[in-house]
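Enquirer: Got final.cif for you, mmCIF, C-alpha atoms:
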```cif
data_work
loop_
_atom_site.label_atom_id
_atom_site.label_comp_id
_atom_site.auth_asym_id
_atom_site.auth_seq_id
_atom_site.Cartn_x
_atom_site.Cartn_y
_atom_site.Cartn_z
CA MET X 1301 62.79 -37.91 -109.77
CA LYS X 1302 66.21 -39.42 -109.20
CA THR X 1303 69.51 -37.61 -109.10
CA PRO X 1304 72.04 -39.17 -111.47
CA ARG X 1305 73.91 -40.57 -108.52
CA TRP X 1306 77.36 -42.07 -108.57
CA ASN X 1307 78.33 -45.19 -106.67
CA PRO X 1308 78.68 -44.20 -102.98
CA TYR X 1309 81.93 -46.15 -102.61
CA LEU X 1310 83.39 -44.26 -105.58
CA VAL X 1311 82.23 -40.92 -104.14
CA GLY X 1312 83.72 -41.82 -100.76
CA ALA X 1313 87.03 -42.81 -102.37
CA LEU X 1314 87.12 -39.51 -104.27
CA ILE X 1315 86.46 -37.56 -101.06
CA GLY X 1316 89.36 -39.51 -99.54
CA VAL X 1317 91.59 -38.51 -102.46
CA LEU X 1318 90.39 -34.90 -102.12
CA SER X 1319 91.38 -34.84 -98.46
CA ILE X 1320 94.82 -36.26 -99.32
CA LEU X 1321 95.20 -33.34 -101.75
CA THR X 1322 94.03 -30.67 -99.28
CA PHE X 1323 96.37 -32.02 -96.56
CA SER X 1324 99.43 -32.41 -98.76
CA LEU X 1325 99.10 -29.48 -101.20
CA ALA X 1326 97.53 -26.84 -98.94
CA ASP X 1327 98.28 -28.25 -95.46
CA LYS X 1328 94.56 -27.91 -94.65
CA PRO X 1329 91.87 -30.39 -93.68
CA ILE X 1330 88.36 -30.50 -95.14
CA GLY X 1331 85.88 -28.75 -92.82
CA ILE X 1332 82.59 -26.87 -93.02
CA SER X 1333 81.20 -25.77 -89.68
CA THR X 1334 83.95 -23.27 -88.82
CA GLY X 1335 83.11 -21.50 -92.09
CA ILE X 1336 79.46 -21.29 -91.03
CA ALA X 1337 80.55 -19.82 -87.68
CA GLN X 1338 82.58 -17.24 -89.61
CA ALA X 1339 79.47 -16.39 -91.64
CA SER X 1340 77.42 -16.05 -88.43
CA GLY X 1341 79.90 -13.42 -87.27
CA ALA X 1342 79.50 -11.44 -90.48
CA CYS X 1343 75.70 -11.70 -90.22
CA SER X 1344 75.77 -10.48 -86.61
CA VAL X 1345 77.43 -7.17 -87.52
CA PRO X 1346 74.08 -5.38 -88.14
CA MET X 1347 72.83 -6.49 -84.68
CA LEU X 1348 75.96 -6.29 -82.55
CA GLY X 1349 77.96 -3.75 -84.55
CA ALA X 1350 81.41 -4.41 -86.02
CA ASP X 1351 82.98 -3.61 -82.64
CA GLY X 1352 80.65 -5.98 -80.85
CA VAL X 1353 81.59 -8.86 -83.15
CA ALA X 1354 85.30 -8.01 -83.01
CA ALA X 1355 85.17 -7.93 -79.20
CA ASN X 1356 83.78 -11.48 -79.04
CA THR X 1357 86.48 -13.99 -78.13
CA TYR X 1358 85.16 -16.68 -80.48
CA TRP X 1359 84.86 -14.48 -83.57
CA ALA X 1360 88.16 -12.74 -82.77
CA LYS X 1361 90.19 -15.94 -82.33
CA LYS X 1362 88.43 -19.11 -83.50
CA ALA X 1363 86.16 -18.17 -86.42
CA VAL X 1364 87.19 -14.77 -87.77
CA PRO X 1365 84.48 -13.45 -90.12
CA ALA X 1366 86.62 -12.98 -93.24
CA TRP X 1367 87.21 -14.60 -96.61
CA ASP X 1368 89.87 -17.21 -96.05
CA TYR X 1369 90.53 -20.81 -97.08
CA GLY X 1370 87.84 -22.18 -94.75
CA SER X 1371 85.00 -19.79 -95.56
CA LEU X 1372 85.71 -19.99 -99.30
CA PHE X 1373 85.65 -23.78 -99.04
CA VAL X 1374 82.04 -23.49 -97.83
CA LEU X 1375 81.18 -21.13 -100.70
CA GLY X 1376 82.85 -23.54 -103.12
CA THR X 1377 80.79 -26.42 -101.74
CA PHE X 1378 77.62 -24.46 -102.52
CA PHE X 1379 78.70 -23.70 -106.10
CA GLY X 1380 79.94 -27.25 -106.72
CA ALA X 1381 76.59 -28.70 -105.68
CA LEU X 1382 74.79 -26.01 -107.71
CA VAL X 1383 76.69 -26.85 -110.90
CA SER X 1384 76.18 -30.57 -110.27
CA SER X 1385 72.43 -30.26 -109.67
CA LEU X 1386 71.80 -27.86 -112.56
CA GLY X 1387 74.11 -29.80 -114.88
CA SER X 1388 72.42 -33.10 -114.14
CA GLY X 1389 68.94 -31.60 -114.46
CA SER X 1390 68.06 -32.67 -110.93
CA PHE X 1391 67.66 -29.17 -109.44
CA LYS X 1392 64.15 -28.99 -108.02
CA LEU X 1393 62.56 -26.65 -105.49
CA GLU X 1394 61.20 -28.68 -102.59
CA SER X 1395 60.10 -27.70 -99.10
CA VAL X 1396 58.89 -30.93 -97.49
CA PRO X 1397 60.92 -34.14 -97.99
CA ALA X 1398 58.96 -37.36 -98.63
CA LEU X 1399 59.85 -39.10 -95.35
CA TRP X 1400 58.96 -35.98 -93.34
CA ARG X 1401 55.65 -35.69 -95.22
CA GLU X 1402 54.77 -39.29 -94.48
CA ARG X 1403 55.34 -38.82 -90.76
CA PHE X 1404 54.39 -35.19 -90.09
CA GLY X 1405 52.18 -34.20 -93.03
CA PRO X 1406 52.53 -31.69 -95.85
CA SER X 1407 52.67 -28.50 -93.71
CA VAL X 1408 55.50 -26.30 -94.98
CA GLY X 1409 55.44 -24.17 -91.82
CA LYS X 1410 55.90 -27.20 -89.58
CA ARG X 1411 58.81 -28.48 -91.67
CA PHE X 1412 60.51 -25.07 -91.81
CA LEU X 1413 60.17 -24.60 -88.05
CA ALA X 1414 61.75 -28.01 -87.43
CA ALA X 1415 64.53 -27.39 -89.97
CA PHE X 1416 65.30 -24.07 -88.28
CA ILE X 1417 65.45 -25.62 -84.80
CA GLY X 1418 67.47 -28.55 -86.14
CA GLY X 1419 69.91 -26.09 -87.70
CA VAL X 1420 70.35 -24.25 -84.41
CA VAL X 1421 70.94 -27.50 -82.51
CA ILE X 1422 73.29 -29.14 -85.03
CA ILE X 1423 75.64 -26.17 -85.35
CA PHE X 1424 75.71 -25.52 -81.61
CA GLY X 1425 76.74 -29.16 -81.22
CA ALA X 1426 79.30 -28.88 -84.01
CA ARG X 1427 80.90 -25.82 -82.42
CA LEU X 1428 80.90 -27.36 -78.94
CA ALA X 1429 82.58 -30.49 -80.33
CA ASP X 1430 84.83 -28.33 -82.56
CA GLY X 1431 83.85 -30.09 -85.77
CA CYS X 1432 81.06 -31.61 -87.85
CA THR X 1433 80.63 -34.60 -90.14
CA SER X 1434 83.37 -33.11 -92.35
CA GLY X 1435 85.94 -31.78 -89.87
CA HIS X 1436 85.55 -34.58 -87.32
CA GLY X 1437 83.69 -37.28 -89.26
CA ILE X 1438 86.02 -37.39 -92.26
CA SER X 1439 89.15 -35.28 -91.69
CA GLY X 1440 89.57 -36.15 -88.01
CA SER X 1441 88.59 -39.81 -88.23
CA LEU X 1442 91.02 -40.49 -91.07
CA GLN X 1443 93.81 -39.13 -88.86
CA LEU X 1444 92.64 -41.47 -86.07
CA ALA X 1445 92.00 -38.53 -83.71
CA VAL X 1446 90.57 -39.52 -80.34
CA SER X 1447 88.21 -36.51 -80.41
CA SER X 1448 86.89 -37.39 -83.88
CA TRP X 1449 86.17 -41.08 -83.26
CA THR X 1450 84.44 -40.12 -80.01
CA PHE X 1451 82.38 -37.60 -81.96
CA PHE X 1452 81.58 -40.04 -84.78
CA ILE X 1453 80.37 -42.82 -82.48
CA VAL X 1454 78.40 -40.62 -80.05
CA MET X 1455 76.85 -38.65 -82.91
CA PHE X 1456 75.71 -41.83 -84.67
CA ILE X 1457 74.14 -43.28 -81.52
CA SER X 1458 72.39 -39.98 -80.76
CA GLY X 1459 71.11 -39.82 -84.34
CA ILE X 1460 69.84 -43.42 -84.26
CA VAL X 1461 67.92 -42.83 -81.01
CA THR X 1462 66.43 -39.58 -82.34
CA ALA X 1463 65.50 -41.14 -85.69
CA PHE X 1464 63.78 -44.13 -84.10
CA ILE X 1465 61.82 -41.85 -81.75
CA LEU X 1466 60.70 -39.53 -84.55
CA PHE X 1467 60.35 -41.76 -87.62
CA ARG X 1468 59.79 -45.31 -86.37
CA GLY X 1469 56.26 -45.57 -87.72
CA THR X 1470 57.15 -44.79 -91.33
CA SER X 1471 57.12 -47.36 -94.12
CA GLN X 1472 60.21 -49.50 -94.50
CA SER X 1473 60.99 -48.62 -98.11
CA MET L 276 106.25 -27.79 -90.17
CA HIS L 277 106.32 -26.82 -93.82
CA THR L 278 105.96 -29.90 -96.00
CA PRO L 279 107.58 -30.12 -99.46
CA LEU L 280 104.37 -30.64 -101.45
CA ALA L 281 102.46 -27.82 -99.75
CA PHE L 282 103.04 -25.26 -102.47
CA ILE L 283 99.64 -23.62 -102.03
CA THR L 284 100.23 -20.77 -99.57
CA GLY L 285 99.28 -17.14 -99.00
CA SER L 286 96.54 -15.72 -101.19
CA ASN L 287 96.56 -18.85 -103.38
CA LEU L 288 94.93 -20.60 -100.42
CA LEU L 289 91.77 -18.60 -101.15
CA TRP L 290 91.49 -20.04 -104.65
CA ALA L 291 92.39 -23.49 -103.37
CA GLY L 292 89.59 -23.26 -100.78
CA LEU L 293 87.10 -22.36 -103.48
CA LEU L 294 88.32 -25.13 -105.82
CA PHE L 295 88.52 -27.88 -103.20
CA GLY L 296 85.13 -26.81 -101.83
CA PHE L 297 83.68 -26.92 -105.35
CA ILE L 298 84.86 -30.51 -105.83
CA PHE L 299 83.51 -31.42 -102.38
CA GLY L 300 80.12 -29.94 -103.32
CA VAL L 301 79.96 -31.91 -106.57
CA LEU L 302 80.85 -35.11 -104.71
CA LEU L 303 78.29 -34.57 -101.94
CA HIS L 304 75.57 -33.98 -104.52
CA ARG L 305 76.55 -36.89 -106.76
CA GLY L 306 76.87 -39.12 -103.72
CA GLY L 307 73.19 -38.53 -102.98
CA VAL L 308 73.80 -37.24 -99.46
CA THR L 309 72.10 -33.90 -100.18
CA ASP L 310 68.79 -35.72 -99.70
CA PHE L 311 66.90 -35.57 -96.36
CA ASN L 312 65.51 -39.08 -96.93
CA VAL L 313 68.95 -40.61 -97.54
CA ILE L 314 70.39 -39.07 -94.38
CA VAL L 315 67.55 -39.83 -91.98
CA LYS L 316 67.14 -43.38 -93.37
CA GLN L 317 70.80 -44.04 -92.55
CA PHE L 318 69.97 -43.57 -88.87
CA LEU L 319 66.98 -45.91 -89.36
CA PHE L 320 69.24 -48.49 -91.09
CA ARG L 321 67.13 -48.39 -94.25
CA ASP L 322 69.75 -46.71 -96.47
CA PHE L 323 73.50 -47.08 -96.06
CA THR L 324 74.73 -44.40 -98.46
CA VAL L 325 76.06 -42.11 -95.71
CA LEU L 326 78.03 -44.89 -94.05
CA LYS L 327 79.46 -46.08 -97.38
CA VAL L 328 80.58 -42.60 -98.42
CA MET L 329 82.05 -41.65 -95.05
CA PHE L 330 83.80 -44.92 -94.27
CA THR L 331 85.35 -45.19 -97.75
CA ALA L 332 86.59 -41.60 -97.47
CA ILE L 333 88.10 -42.37 -94.05
CA VAL L 334 89.88 -45.51 -95.29
CA VAL L 335 91.21 -44.04 -98.55
CA GLY L 336 92.16 -40.71 -96.99
CA GLY L 337 93.51 -42.37 -93.86
CA VAL L 338 95.81 -44.84 -95.59
CA GLY L 339 96.94 -42.12 -98.01
CA LEU L 340 97.81 -39.73 -95.21
CA PHE L 341 99.50 -42.47 -93.20
CA ILE L 342 101.86 -43.01 -96.15
CA LEU L 343 102.33 -39.28 -96.80
CA HIS L 344 102.98 -38.54 -93.14
CA GLY L 345 105.54 -41.35 -93.02
CA GLN L 346 107.41 -39.56 -95.82
CA GLU L 347 107.03 -36.22 -93.97
CA LEU L 348 104.80 -34.93 -96.76
CA SER L 349 101.89 -33.92 -94.53
CA ASN L 350 101.15 -32.66 -91.03
CA TRP L 351 98.54 -33.91 -88.60
CA HIS L 352 95.68 -31.52 -87.86
CA ILE L 353 94.22 -33.05 -84.72
CA LYS L 354 91.34 -31.42 -82.86
CA PRO L 355 91.73 -31.51 -79.06
CA ALA L 356 89.94 -34.29 -77.21
CA THR L 357 88.01 -32.03 -74.86
CA MET L 358 85.92 -35.04 -73.94
CA LEU L 359 82.95 -33.45 -72.15
CA ALA L 360 82.52 -30.86 -74.91
CA VAL L 361 82.96 -33.44 -77.70
CA ILE L 362 80.42 -35.83 -76.16
CA LEU L 363 77.83 -33.11 -75.40
CA GLY L 364 78.40 -31.60 -78.84
CA ALA L 365 78.04 -34.96 -80.58
CA LEU L 366 74.80 -35.69 -78.68
CA LEU L 367 73.34 -32.36 -79.84
CA PHE L 368 74.72 -32.92 -83.34
CA GLY L 369 72.98 -36.29 -83.74
CA ILE L 370 69.64 -34.85 -82.58
CA GLY L 371 70.03 -31.81 -84.81
CA MET L 372 71.06 -33.88 -87.84
CA VAL L 373 67.88 -35.97 -87.75
CA ILE L 374 65.58 -32.96 -87.20
CA TYR L 375 67.34 -30.81 -89.79
CA GLY L 376 67.82 -33.82 -92.05
CA TYR L 377 71.20 -32.66 -93.26
CA CYS L 378 74.60 -32.03 -91.73
CA PRO L 379 76.30 -28.63 -92.13
CA GLY L 380 78.11 -29.53 -95.39
CA THR L 381 75.31 -31.52 -96.99
CA GLY L 382 72.88 -28.78 -95.90
CA ILE L 383 74.86 -26.18 -97.85
CA ALA L 384 74.94 -28.51 -100.86
CA ALA L 385 71.22 -29.31 -100.51
CA ILE L 386 70.35 -25.59 -100.72
CA ALA L 387 72.12 -25.60 -104.08
CA ALA L 388 69.95 -28.55 -105.15
CA GLY L 389 66.79 -26.52 -104.43
CA LYS L 390 65.89 -27.83 -100.97
CA LEU L 391 64.18 -24.89 -99.26
CA ASP L 392 64.06 -26.60 -95.87
CA ALA L 393 67.86 -26.83 -96.02
CA LEU L 394 67.96 -23.06 -96.60
CA VAL L 395 65.74 -22.38 -93.57
CA GLY L 396 67.92 -24.70 -91.50
CA PHE L 397 70.98 -22.79 -92.68
CA LEU L 398 69.45 -19.64 -91.16
CA GLY L 399 69.05 -21.68 -87.97
CA MET L 400 72.73 -22.62 -88.21
CA LEU L 401 73.70 -18.94 -88.42
CA VAL L 402 71.65 -18.26 -85.27
CA GLY L 403 73.05 -21.32 -83.49
CA ALA L 404 76.64 -20.43 -84.34
CA ALA L 405 76.09 -16.86 -83.12
CA ALA L 406 74.58 -18.22 -79.90
CA TYR L 407 77.68 -20.38 -79.44
CA ALA L 408 79.98 -17.41 -80.00
CA LEU L 409 78.07 -15.42 -77.39
CA CYS L 410 78.32 -18.32 -74.88
CA TYR L 411 81.95 -19.08 -75.75
CA ASP L 412 83.66 -17.41 -72.80
CA TRP L 413 81.53 -19.35 -70.33
CA ILE L 414 81.99 -22.62 -72.25
CA ALA L 415 85.74 -22.10 -72.53
CA ALA L 416 85.92 -21.61 -68.76
CA ASN L 417 83.52 -24.34 -67.65
CA ILE L 418 83.08 -27.06 -70.32
CA LEU L 419 86.18 -27.24 -72.52
CA PRO L 420 88.66 -27.89 -69.67
CA VAL L 421 86.67 -30.88 -68.33
CA ALA L 422 88.40 -34.16 -69.27
CA ASP L 423 90.65 -32.46 -71.81
CA LEU L 424 93.03 -35.12 -73.14
CA GLY L 425 94.69 -32.77 -75.63
CA LYS L 426 95.39 -33.41 -79.31
CA LYS L 427 95.57 -37.17 -78.92
CA ARG L 428 95.54 -39.80 -81.65
CA LEU L 429 94.32 -43.34 -81.10
CA PRO L 430 97.78 -44.91 -81.78
CA GLU L 431 99.13 -42.89 -78.84
CA LEU L 432 96.80 -44.80 -76.52
CA SER L 433 98.67 -48.07 -77.07
CA THR L 434 102.15 -49.35 -77.78
CA LEU L 435 101.05 -50.97 -81.05
CA PRO L 436 102.80 -49.66 -84.16
CA GLU L 437 100.92 -47.14 -86.25
CA TRP L 438 100.41 -49.47 -89.24
CA VAL L 439 98.50 -51.96 -87.07
CA TRP L 440 95.87 -49.28 -86.43
CA TYR L 441 95.49 -48.60 -90.14
CA ALA L 442 95.34 -52.33 -90.93
CA GLY L 443 92.62 -52.54 -88.28
CA LEU L 444 90.78 -49.63 -89.89
CA VAL L 445 90.82 -51.37 -93.29
CA ALA L 446 89.65 -54.64 -91.71
CA LEU L 447 86.85 -52.82 -89.84
CA ALA L 448 85.70 -51.20 -93.07
CA ALA L 449 85.70 -54.55 -94.87
CA ILE L 450 83.57 -56.10 -92.10
CA VAL L 451 81.14 -53.16 -92.03
CA PHE L 452 80.75 -53.16 -95.84
CA ALA L 453 80.20 -56.94 -95.88
CA LEU L 454 77.51 -56.60 -93.19
CA VAL L 455 75.86 -53.76 -95.11
CA ALA L 456 75.83 -55.89 -98.26
CA ARG L 457 74.13 -58.74 -96.37
CA VAL L 458 71.50 -56.46 -94.87
CA GLU L 459 70.80 -54.89 -98.27
CA LYS L 460 70.53 -58.29 -99.93
CA ALA L 461 68.10 -59.50 -97.26
CA ARG L 462 66.01 -56.35 -97.42
CA PHE L 463 66.02 -55.59 -101.13
CA PRO L 464 66.42 -59.00 -102.80
CA ALA L 465 65.20 -57.73 -106.17
CA SER L 466 67.74 -54.97 -106.60
#
```
Any chance you could put this one into structure tokens?
Expert:
Amino acid sequence: MKTPRWNPYLVGALIGVLSILTFSLADKPIGISTGIAQASGACSVPMLGADGVAANTYWAKKAVPAWDYGSLFVLGTFFGALVSSLGSGSFKLESVPALWRERFGPSVGKRFLAAFIGGVVIIFGARLADGCTSGHGISGSLQLAVSSWTFFIVMFISGIVTAFILFRGTSQS
Amino acid sequence: MHTPLAFITGSNLLWAGLLFGFIFGVLLHRGGVTDFNVIVKQFLFRDFTVLKVMFTAIVVGGVGLFILHGQELSNWHIKPATMLAVILGALLFGIGMVIYGYCPGTGIAAIAAGKLDALVGFLGMLVGAAAYALCYDWIAANILPVADLGKKRLPELSTLPEWVWYAGLVALAAIVFALVARVEKARFPAS
């Protein structure tokens, strides 16, 4: 099954145009991981209580759990991808990606455990660096920010090393 | 500074966030980067979709903003170069991205494409972000101040004019894309 994919250069150019629009029309960059941190604050209310979340420096100042431009951008990303995948007929429930299956077998539990741990690690890294592939990788790099190019290069090297350790034995296709 | 074109303000920003996010989600999905295999194979140099999408976005958006900023039609939004935190964060991010198989944005979009592992990883992201919030006071006191260069841009590191940096960025992209084309031709001669 193949997604009806567009040319990656075209998609990249359109993301570039989109960021020009967000910067000039709304004075905002494209970013995702702050929105996820905002959501984590909202989801922590049942455990920590509303007061507990509000008393936390990070949720009080850096990622306030509320509907704003940033958190709605994340929600919009979900719906955009949903409309695209349903509209193109490529929506398909899947638990274990092909490359993972080839290397680690068909176990759903194993894949879910890894995805969960990977999710914890990636967002902790994104918050520590103050951005992800969107906020640093695209928005920051296109502004030639020192922080963002440092992030981009170090992240890529770290990913290459991890990928070669974990997936080196898989077929070349 | 308020820029003349920035007419989206106040509560309209909420709708703009939703709309811009929607377009971003469509583009991520159509670009094919909501696929675990595409992302991990980038790091194995077997698929160059991620690099093509990101680098083209950087060049197009970068040159566009360079022009807009020159006309005072946009502001810079530079994240501080807290170098120890950025480097440690990027190291964790690269490890997490290969194990998760998505980045935060493509993970969100992959959930919408039916990828259940992306959904489980999203729960992990909620936990990880909460853990960061709970550690934040310590990190802000001990990690963020180390080698903090402030909100620096690369052109500020030299005396070269700004346009030279953007010309260099375009040239770098051209070289990278030419190299990618050669590798792809050597590896997949049929296609």
Enquirer: Calculated over all atoms listed in the file, which of the candidates X:Ile1453, X:Ala1429, X:Leu1466, X:Ala1350 has the smallest distance to Ala356 in chain L?
Expert: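 The shortest atom-to-atom distance to Ala356 in chain L comes from X:Ala1429.
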Enquirer: Near Gly369 in chain L, within 7 Å and counting all atoms listed in the file, which residues show up once chain neighbours fewer than 5 positions away are dropped, as number ranges by chain?
Expert: X: 1455-1456, 1458-1459
Enquirer: Which residues fall under the PyMOL selection byres ((chain L and resi 292) around 7) in this file, as a PDB file with C-alpha atoms, in the coordinates of the input?
Expert:
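Output contents, as saved in part-v5.pdb:
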```pdb
ATOM      1  CA  TYR X1369      90.530 -20.810 -97.080  1.00  0.00           C
ATOM      2  CA  GLY X1370      87.840 -22.180 -94.750  1.00  0.00           C
ATOM      3  CA  LEU X1372      85.710 -19.990 -99.300  1.00  0.00           C
ATOM      4  CA  PHE X1373      85.650 -23.780 -99.040  1.00  0.00           C
TER       5      PHE X1373
ATOM      6  CA  LEU L 288      94.930 -20.600-100.420  1.00  0.00           C
ATOM      7  CA  LEU L 289      91.770 -18.600-101.150  1.00  0.00           C
ATOM      8  CA  TRP L 290      91.490 -20.040-104.650  1.00  0.00           C
ATOM      9  CA  ALA L 291      92.390 -23.490-103.370  1.00  0.00           C
ATOM     10  CA  LEU L 293      87.100 -22.360-103.480  1.00  0.00           C
ATOM     11  CA  LEU L 294      88.320 -25.130-105.820  1.00  0.00           C
ATOM     12  CA  PHE L 295      88.520 -27.880-103.200  1.00  0.00           C
ATOM     13  CA  GLY L 296      85.130 -26.810-101.830  1.00  0.00           C
TER      14      GLY L 296
END
```
Enquirer: Please provide as JSON, numbers by chain all residues within 9 Å of Leu348 in chain L, with the sequence filter that same-chain residues fewer than 3 positions apart are discarded (counting only C-alpha atoms).
Expert: {"X": [1323, 1324], "L": [277, 278, 279, 280, 281, 340, 342, 343, 344, 345]}
Enquirer: Evaluating the PyMOL selection byres ((chain L and resi 354) around 7) on the displayed file yields which residues, as a list in words?
Expert: Ser1447 of chain X; His352, Ile353, Pro355, Ala356 and Lys426 of chain L
Enquirer: Take CA of Leu1310 in chain X and CA of Thr1377 in chain X and report the distance between them in Å, one decimal.
Expert: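 Value for the CA of Leu1310 in chain X-CA of Thr1377 in chain X distance: 18.4 Å.
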Enquirer: Which residues would end up in the selection if the PyMOL selection byres ((chain L and resi 374) around 12) were applied here, given that I need the answer as a count of residues only?
Expert: 47
Enquirer: Residues within 12 Å of Leu1386 in chain X, please, as a list in words. Count all atoms listed in the file; anything in the same chain fewer than 2 positions from it doesn't count.
Expert: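 Final neighbour list, sorted by chain and number: Thr1303, Pro1304, Phe1379, Gly1380, Ala1381, Leu1382, Val1383, Ser1384, Ser1388, Gly1389, Ser1390, Phe1391, Lys1392 and Leu1393 of chain X; Val301, His304, Arg305, Ala387, Ala388 and Gly389 of chain L.
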Enquirer: Write out, as a PDB file, in the frame of the given file, the residues just selected, with C-alpha atoms.
Expert:
```pdb
ATOM      1  CA  THR X1303      69.510 -37.610-109.100  1.00  0.00           C
ATOM      2  CA  PRO X1304      72.040 -39.170-111.470  1.00  0.00           C
ATOM      3  CA  PHE X1379      78.700 -23.700-106.100  1.00  0.00           C
ATOM      4  CA  GLY X1380      79.940 -27.250-106.720  1.00  0.00           C
ATOM      5  CA  ALA X1381      76.590 -28.700-105.680  1.00  0.00           C
ATOM      6  CA  LEU X1382      74.790 -26.010-107.710  1.00  0.00           C
ATOM      7  CA  VAL X1383      76.690 -26.850-110.900  1.00  0.00           C
ATOM      8  CA  SER X1384      76.180 -30.570-110.270  1.00  0.00           C
ATOM      9  CA  SER X1388      72.420 -33.100-114.140  1.00  0.00           C
ATOM     10  CA  GLY X1389      68.940 -31.600-114.460  1.00  0.00           C
ATOM     11  CA  SER X1390      68.060 -32.670-110.930  1.00  0.00           C
ATOM     12  CA  PHE X1391      67.660 -29.170-109.440  1.00  0.00           C
ATOM     13  CA  LYS X1392      64.150 -28.990-108.020  1.00  0.00           C
ATOM     14  CA  LEU X1393      62.560 -26.650-105.490  1.00  0.00           C
TER      15      LEU X1393
ATOM     16  CA  VAL L 301      79.960 -31.910-106.570  1.00  0.00           C
ATOM     17  CA  HIS L 304      75.570 -33.980-104.520  1.00  0.00           C
ATOM     18  CA  ARG L 305      76.550 -36.890-106.760  1.00  0.00           C
ATOM     19  CA  ALA L 387      72.120 -25.600-104.080  1.00  0.00           C
ATOM     20  CA  ALA L 388      69.950 -28.550-105.150  1.00  0.00           C
ATOM     21  CA  GLY L 389      66.790 -26.520-104.430  1.00  0.00           C
TER      22      GLY L 389
END
```
Enquirer: Check the smallest atom-to-atom distance from each of L:Leu359, L:Leu444, L:Ala449, L:Val328 to Gly306 in chain L using only C-alpha atoms, then report the winner.
Expert: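 Under the stated criterion, the closest residue is L:Val328.
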Enquirer: Take CA of Ala1426 in chain X and CA of Met1347 in chain X and report the distance between them in Å, one decimal.
Expert: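 Result for CA of Ala1426 in chain X versus CA of Met1347 in chain X: 23.3 Å, one decimal.
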Enquirer: With all atoms listed in the file as the atoms that count, which of X:Leu1348, X:Ala1355, X:Ile1438, X:Ala1342 lies nearest to chain L?
Expert: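 Smallest distance to chain L is found for X:Ile1438.
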Enquirer: Just how far from CA of Ala1398 in chain X is CA of Val402 in chain L, in Å to one decimal?
Expert: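 That distance, rounded to one decimal, is 26.5 Å.
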Enquirer: Using all atoms listed in the file, find the one residue out of X:Gly1440, X:Pro1365, X:Pro1406, X:Gly1469 that sits nearest to chain L.
Expert: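 That would be X:Gly1440, the residue with the smallest distance to chain L.
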Enquirer: X:Ser1385, X:Val1374, X:Pro1346, X:Asn1356: which is nearest Thr309 in chain L, counting all atoms listed in the file?
Expert: X:Ser1385
Enquirer: With distances taken over only C-alpha atoms, which of X:Pro1329, X:Gly1437, X:Gly1409, X:Gly1425 is nearest to chain L?
Expert: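 When distances to chain L are compared using only C-alpha atoms, the smallest one comes from X:Gly1425.
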Enquirer: Which residues are near Leu419 in chain L? Cut-off 12 Å, all atoms listed in the file, ignore same chain within fewer than 3 positions. Put them as an NGL selection string.
Expert: (:X and (1427-1430)) or (:L and (355-364 or 411-416 or 422-425))
Enquirer: Could range 1406-1417 of chain X be completed with N, CA and C atoms and returned as an mmCIF file, keeping the file's coordinate frame?
Expert:
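out-v5.cif written:
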```cif
data_model
loop_
_atom_site.group_PDB
_atom_site.id
_atom_site.type_symbol
_atom_site.label_atom_id
_atom_site.label_comp_id
_atom_site.auth_asym_id
_atom_site.auth_seq_id
_atom_site.Cartn_x
_atom_site.Cartn_y
_atom_site.Cartn_z
ATOM 1 N N PRO X 1406 51.989 -32.557 -94.811
ATOM 2 C CA PRO X 1406 52.530 -31.690 -95.850
ATOM 3 C C PRO X 1406 52.773 -30.236 -95.419
ATOM 4 N N SER X 1407 52.546 -29.891 -94.143
ATOM 5 C CA SER X 1407 52.670 -28.500 -93.710
ATOM 6 C C SER X 1407 54.093 -27.965 -93.909
ATOM 7 N N VAL X 1408 54.193 -26.912 -94.722
ATOM 8 C CA VAL X 1408 55.500 -26.300 -94.980
ATOM 9 C C VAL X 1408 55.994 -25.573 -93.714
ATOM 10 N N GLY X 1409 55.063 -24.915 -93.017
ATOM 11 C CA GLY X 1409 55.440 -24.170 -91.820
ATOM 12 C C GLY X 1409 56.046 -25.076 -90.768
ATOM 13 N N LYS X 1410 55.419 -26.228 -90.572
ATOM 14 C CA LYS X 1410 55.900 -27.200 -89.580
ATOM 15 C C LYS X 1410 57.313 -27.672 -89.948
ATOM 16 N N ARG X 1411 57.498 -27.990 -91.234
ATOM 17 C CA ARG X 1411 58.810 -28.480 -91.670
ATOM 18 C C ARG X 1411 59.887 -27.398 -91.530
ATOM 19 N N PHE X 1412 59.530 -26.163 -91.909
ATOM 20 C CA PHE X 1412 60.510 -25.070 -91.810
ATOM 21 C C PHE X 1412 60.881 -24.804 -90.357
ATOM 22 N N LEU X 1413 59.886 -24.839 -89.466
ATOM 23 C CA LEU X 1413 60.170 -24.600 -88.050
ATOM 24 C C LEU X 1413 61.146 -25.663 -87.523
ATOM 25 N N ALA X 1414 60.876 -26.929 -87.888
ATOM 26 C CA ALA X 1414 61.750 -28.010 -87.430
ATOM 27 C C ALA X 1414 63.146 -27.865 -88.030
ATOM 28 N N ALA X 1415 63.217 -27.531 -89.319
ATOM 29 C CA ALA X 1415 64.530 -27.390 -89.970
ATOM 30 C C ALA X 1415 65.330 -26.274 -89.295
ATOM 31 N N PHE X 1416 64.628 -25.186 -88.940
ATOM 32 C CA PHE X 1416 65.300 -24.070 -88.280
ATOM 33 C C PHE X 1416 65.866 -24.507 -86.925
ATOM 34 N N ILE X 1417 65.009 -25.157 -86.130
ATOM 35 C CA ILE X 1417 65.450 -25.620 -84.800
ATOM 36 C C ILE X 1417 66.583 -26.636 -84.950
#
```
